[in-house]
Amino acid sequence: MSQTPADSSAHPSLGHLSGQLTNYLVPRSLALLTRGNPMLARRSDPVTDILSKEFQGFLDDLILSGEENLGVGIAAPQVGKNLRAFILAPKPSKRYPQAPSMDPTPIVNPVILGSFGPMEKDWEGCLSVPGFRGQVPRSHGVQVRFLDRSGMPHELTLEGFIARVFQHEFDHLEGILYPERMEKEERLLDLDEFFAETGIRIPR
């Protein structure tokens, strides 16, 4: 996601949503799909069995997969599951040194109710588009509705970096990768070009 987040702290309303139910099995890391895989271009289906042991275990696997790949978010389609679920998990790392910090938070069956504020262009990356960064315009803020991992509904207003991550991960559920959101005059930069442009060194 963005290398220059507008806010420096995580959204306070999300802190209590991360650990309500857990799977009793040891999580396993899942293989990532990359750009060109047709699964990433499909619109995902709603989750209907949110409290099942299988889905709860999948959420734990998804969290682990994001952590091992230093992602600030990861969506079910990125690991081959056609489900409307993703993890919000921003924290400072080598990939995103300026990210705010919050516990990994499952987001299930999300809806973006509306957006507000200016469109802001900033750098994004993606675990499914490895080795590149691009400038992507996003709304500064979004109003969202979703279920947490226990099936409880939430409606929140998000701004800045967290709103950008939410929009990026929501796009995955719609079969959209961030290069499709870039303006025509923009192009993807490889990591050497990105370093030359920004002075930010991203590990390969």
# chains A, B, ... in the order shown; residues from 1 in each chain; ligands from 1
$ residues_around --residues "Leu32 of chain A" --least-positions-apart "5" --cutoff "8 Å" --atoms "only C-alpha atoms" --output "PyMOL selection string"
chain A and resi 78-80+127-128
$ write_last_selection --atoms "C-alpha atoms" --output "PDB file, in the first residue's frame"
ATOM      1  CA  GLN A  78      -4.933 -13.713  -3.511  1.00  0.00           C
ATOM      2  CA  VAL A  79      -4.607 -17.231  -2.084  1.00  0.00           C
ATOM      3  CA  GLY A  80      -7.133 -18.816  -4.443  1.00  0.00           C
ATOM      4  CA  LEU A 127       1.627  -9.089  -2.960  1.00  0.00           C
ATOM      5  CA  SER A 128       0.017 -10.241  -6.211  1.00  0.00           C
TER       6      SER A 128
END
$ select_by_dssp --residues "segment 21-86 of chain A" --states "strand (DSSP E or B)" --output "list in words"
Asp45, Gly73, Ile74, Ala75, Leu83, Ala85 and Phe86 of chain A
$ closest_residue --among "A:Phe195, A:Phe170, A:Phe58, A:Tyr178" --to "Gln135 of chain A" --atoms "only C-alpha atoms"
A:Tyr178
$ residues_around --residues "segment 66-77 of chain A" --least-positions-apart "3" --cutoff "10 Å" --atoms "only C-alpha atoms" --output "ChimeraX atom specification"
/A:1-2,29-30,32-33,39-44,58-59,61-63,80-96,99-102,104-107,125-128,162,165-166,168-175
$ residues_around --residues "Asp190 of chain A" --least-positions-apart "6" --cutoff "9 Å" --atoms "only C-alpha atoms" --output "PyMOL selection string"
chain A and resi 131-134
$ write_last_selection --atoms "all heavy atoms" --output "mmCIF file, in the first residue's frame"
data_model
loop_
_atom_site.group_PDB
_atom_site.id
_atom_site.type_symbol
_atom_site.label_atom_id
_atom_site.label_comp_id
_atom_site.auth_asym_id
_atom_site.auth_seq_id
_atom_site.Cartn_x
_atom_site.Cartn_y
_atom_site.Cartn_z
ATOM 1 N N GLY A 131 7.293 -6.841 -6.941
ATOM 2 C CA GLY A 131 8.405 -6.172 -7.591
ATOM 3 C C GLY A 131 8.093 -4.831 -8.217
ATOM 4 O O GLY A 131 8.943 -4.260 -8.893
ATOM 5 N N PHE A 132 6.896 -4.295 -7.974
ATOM 6 C CA PHE A 132 6.496 -3.034 -8.611
ATOM 7 C C PHE A 132 5.763 -2.132 -7.623
ATOM 8 O O PHE A 132 5.237 -2.582 -6.595
ATOM 9 C CB PHE A 132 5.583 -3.301 -9.816
ATOM 10 C CG PHE A 132 6.271 -3.983 -10.959
ATOM 11 C CD1 PHE A 132 6.252 -5.365 -11.073
ATOM 12 C CD2 PHE A 132 6.953 -3.242 -11.915
ATOM 13 C CE1 PHE A 132 6.900 -5.995 -12.123
ATOM 14 C CE2 PHE A 132 7.602 -3.855 -12.963
ATOM 15 C CZ PHE A 132 7.577 -5.250 -13.071
ATOM 16 N N ARG A 133 5.720 -0.848 -7.962
ATOM 17 C CA ARG A 133 4.917 0.145 -7.257
ATOM 18 C C ARG A 133 4.271 1.051 -8.295
ATOM 19 O O ARG A 133 4.801 1.254 -9.395
ATOM 20 C CB ARG A 133 5.779 1.007 -6.316
ATOM 21 C CG ARG A 133 6.319 0.267 -5.092
ATOM 22 C CD ARG A 133 5.196 -0.098 -4.139
ATOM 23 N NE ARG A 133 5.680 -0.684 -2.902
ATOM 24 C CZ ARG A 133 5.931 -1.967 -2.720
ATOM 25 N NH1 ARG A 133 5.788 -2.805 -3.739
ATOM 26 N NH2 ARG A 133 6.328 -2.419 -1.552
ATOM 27 N N GLY A 134 3.102 1.608 -7.931
ATOM 28 C CA GLY A 134 2.421 2.512 -8.834
ATOM 29 C C GLY A 134 1.637 3.562 -8.078
ATOM 30 O O GLY A 134 1.238 3.355 -6.928
#
$ atom_distance --atom1 "atom CA of Arg204 of chain A" --atom2 "atom CA of Pro38 of chain A"
24.6 Å
$ residues_around --residues "Gly151 of chain A" --least-positions-apart "4" --cutoff "12 Å" --atoms "only C-alpha atoms" --output "PyMOL selection string"
chain A and resi 17+20-21+47-52+55-56+106-110+146-147
$ write_last_selection --atoms "all heavy atoms" --output "compact mmCIF listing (two decimals), in the first residue's frame"
# COMPACT_ATOMS: atom_id res chain seq x y z
N LEU A 17 -11.58 -5.81 17.09
CA LEU A 17 -12.21 -6.74 16.17
C LEU A 17 -11.33 -7.90 15.77
O LEU A 17 -11.77 -8.78 15.05
CB LEU A 17 -12.62 -5.99 14.88
CG LEU A 17 -13.53 -4.79 15.07
CD1 LEU A 17 -13.82 -4.16 13.71
CD2 LEU A 17 -14.83 -5.19 15.75
N GLN A 20 -11.55 -12.37 18.15
CA GLN A 20 -12.72 -12.86 18.89
C GLN A 20 -12.90 -14.37 18.83
O GLN A 20 -13.29 -14.98 19.80
CB GLN A 20 -13.97 -12.15 18.37
CG GLN A 20 -13.89 -10.64 18.63
CD GLN A 20 -14.94 -9.88 17.88
OE1 GLN A 20 -15.40 -10.30 16.83
NE2 GLN A 20 -15.33 -8.73 18.39
N LEU A 21 -12.64 -14.97 17.67
CA LEU A 21 -12.69 -16.41 17.53
C LEU A 21 -11.39 -16.86 16.90
O LEU A 21 -10.84 -16.19 16.05
CB LEU A 21 -13.86 -16.85 16.62
CG LEU A 21 -15.27 -16.67 17.16
CD1 LEU A 21 -16.26 -17.08 16.08
CD2 LEU A 21 -15.50 -17.49 18.41
N VAL A 47 -19.43 -14.75 1.95
CA VAL A 47 -19.20 -15.82 2.92
C VAL A 47 -20.53 -16.16 3.58
O VAL A 47 -21.23 -15.28 4.08
CB VAL A 47 -18.18 -15.38 3.99
CG1 VAL A 47 -17.99 -16.47 5.04
CG2 VAL A 47 -16.85 -15.03 3.33
N THR A 48 -20.89 -17.44 3.59
CA THR A 48 -22.17 -17.87 4.18
C THR A 48 -21.98 -18.72 5.43
O THR A 48 -22.96 -18.96 6.14
CB THR A 48 -22.98 -18.67 3.15
OG1 THR A 48 -22.23 -19.80 2.73
CG2 THR A 48 -23.33 -17.80 1.94
N ASP A 49 -20.75 -19.17 5.69
CA ASP A 49 -20.51 -20.08 6.82
C ASP A 49 -19.44 -19.50 7.74
O ASP A 49 -18.48 -20.17 8.11
CB ASP A 49 -20.07 -21.45 6.31
CG ASP A 49 -18.83 -21.39 5.42
OD1 ASP A 49 -18.44 -20.26 5.03
OD2 ASP A 49 -18.26 -22.45 5.11
N ILE A 50 -19.62 -18.25 8.13
CA ILE A 50 -18.57 -17.50 8.82
C ILE A 50 -18.11 -18.18 10.11
O ILE A 50 -16.93 -18.11 10.47
CB ILE A 50 -19.04 -16.05 9.08
CG1 ILE A 50 -17.89 -15.19 9.61
CG2 ILE A 50 -20.23 -16.01 10.02
CD1 ILE A 50 -18.20 -13.72 9.66
N LEU A 51 -18.98 -18.88 10.83
CA LEU A 51 -18.61 -19.48 12.10
C LEU A 51 -18.10 -20.91 11.97
O LEU A 51 -17.77 -21.54 12.98
CB LEU A 51 -19.80 -19.45 13.07
CG LEU A 51 -20.31 -18.05 13.43
CD1 LEU A 51 -21.48 -18.16 14.41
CD2 LEU A 51 -19.20 -17.21 14.04
N SER A 52 -18.02 -21.40 10.76
CA SER A 52 -17.56 -22.78 10.58
C SER A 52 -16.08 -22.90 10.93
O SER A 52 -15.30 -21.95 10.80
CB SER A 52 -17.78 -23.23 9.13
OG SER A 52 -16.90 -22.55 8.26
N PHE A 55 -13.86 -22.08 7.85
CA PHE A 55 -13.64 -20.67 7.51
C PHE A 55 -12.80 -19.98 8.58
O PHE A 55 -11.93 -19.17 8.26
CB PHE A 55 -14.96 -19.93 7.33
CG PHE A 55 -14.78 -18.50 6.92
CD1 PHE A 55 -14.31 -18.17 5.66
CD2 PHE A 55 -15.05 -17.47 7.81
CE1 PHE A 55 -14.11 -16.85 5.28
CE2 PHE A 55 -14.86 -16.14 7.45
CZ PHE A 55 -14.39 -15.84 6.18
N GLN A 56 -13.03 -20.29 9.85
CA GLN A 56 -12.23 -19.69 10.91
C GLN A 56 -10.76 -20.09 10.75
O GLN A 56 -9.85 -19.26 10.94
CB GLN A 56 -12.76 -20.12 12.28
CG GLN A 56 -14.11 -19.53 12.64
CD GLN A 56 -14.06 -18.03 12.84
OE1 GLN A 56 -13.14 -17.51 13.47
NE2 GLN A 56 -15.05 -17.32 12.30
N PRO A 106 -9.80 -9.36 10.60
CA PRO A 106 -10.60 -9.94 9.52
C PRO A 106 -11.79 -9.06 9.16
O PRO A 106 -12.51 -8.56 10.05
CB PRO A 106 -11.06 -11.29 10.09
CG PRO A 106 -10.08 -11.60 11.19
CD PRO A 106 -9.74 -10.26 11.77
N ILE A 107 -12.01 -8.88 7.87
CA ILE A 107 -13.13 -8.12 7.33
C ILE A 107 -13.91 -9.07 6.41
O ILE A 107 -13.36 -9.58 5.44
CB ILE A 107 -12.63 -6.91 6.51
CG1 ILE A 107 -11.69 -6.02 7.36
CG2 ILE A 107 -13.80 -6.12 5.94
CD1 ILE A 107 -12.35 -5.31 8.50
N VAL A 108 -15.18 -9.31 6.74
CA VAL A 108 -15.98 -10.30 6.02
C VAL A 108 -17.20 -9.63 5.38
O VAL A 108 -17.87 -8.81 6.03
CB VAL A 108 -16.42 -11.44 6.96
CG1 VAL A 108 -17.20 -12.51 6.20
CG2 VAL A 108 -15.22 -12.06 7.66
N ASN A 109 -17.46 -9.98 4.13
CA ASN A 109 -18.61 -9.44 3.38
C ASN A 109 -18.70 -7.92 3.46
O ASN A 109 -19.75 -7.35 3.80
CB ASN A 109 -19.91 -10.08 3.87
CG ASN A 109 -19.99 -11.56 3.56
OD1 ASN A 109 -19.26 -12.08 2.72
ND2 ASN A 109 -20.87 -12.26 4.26
N PRO A 110 -17.61 -7.22 3.14
CA PRO A 110 -17.62 -5.76 3.27
C PRO A 110 -18.44 -5.07 2.18
O PRO A 110 -18.61 -5.58 1.08
CB PRO A 110 -16.14 -5.40 3.12
CG PRO A 110 -15.60 -6.47 2.23
CD PRO A 110 -16.32 -7.72 2.63
N PHE A 146 -19.30 -4.12 7.44
CA PHE A 146 -18.74 -5.46 7.28
C PHE A 146 -19.09 -6.29 8.52
O PHE A 146 -19.58 -5.77 9.52
CB PHE A 146 -17.22 -5.40 7.10
CG PHE A 146 -16.48 -4.77 8.27
CD1 PHE A 146 -16.01 -5.53 9.33
CD2 PHE A 146 -16.28 -3.39 8.30
CE1 PHE A 146 -15.35 -4.94 10.39
CE2 PHE A 146 -15.62 -2.80 9.36
CZ PHE A 146 -15.16 -3.58 10.41
N LEU A 147 -18.80 -7.58 8.44
CA LEU A 147 -18.91 -8.48 9.58
C LEU A 147 -17.53 -8.79 10.12
O LEU A 147 -16.57 -8.92 9.35
CB LEU A 147 -19.59 -9.79 9.17
CG LEU A 147 -20.97 -9.69 8.52
CD1 LEU A 147 -21.48 -11.08 8.14
CD2 LEU A 147 -21.96 -8.99 9.43
$ select_by_dssp --residues "chain A" --states "alpha helix (DSSP H)" --output "NGL selection string"
:A and (53-68 or 160-173 or 191-198)
$ closest_residue --among "A:Gln167, A:Pro203, A:Val129, A:Arg138" --to "Arg35 of chain A" --atoms "only C-alpha atoms"
A:Val129
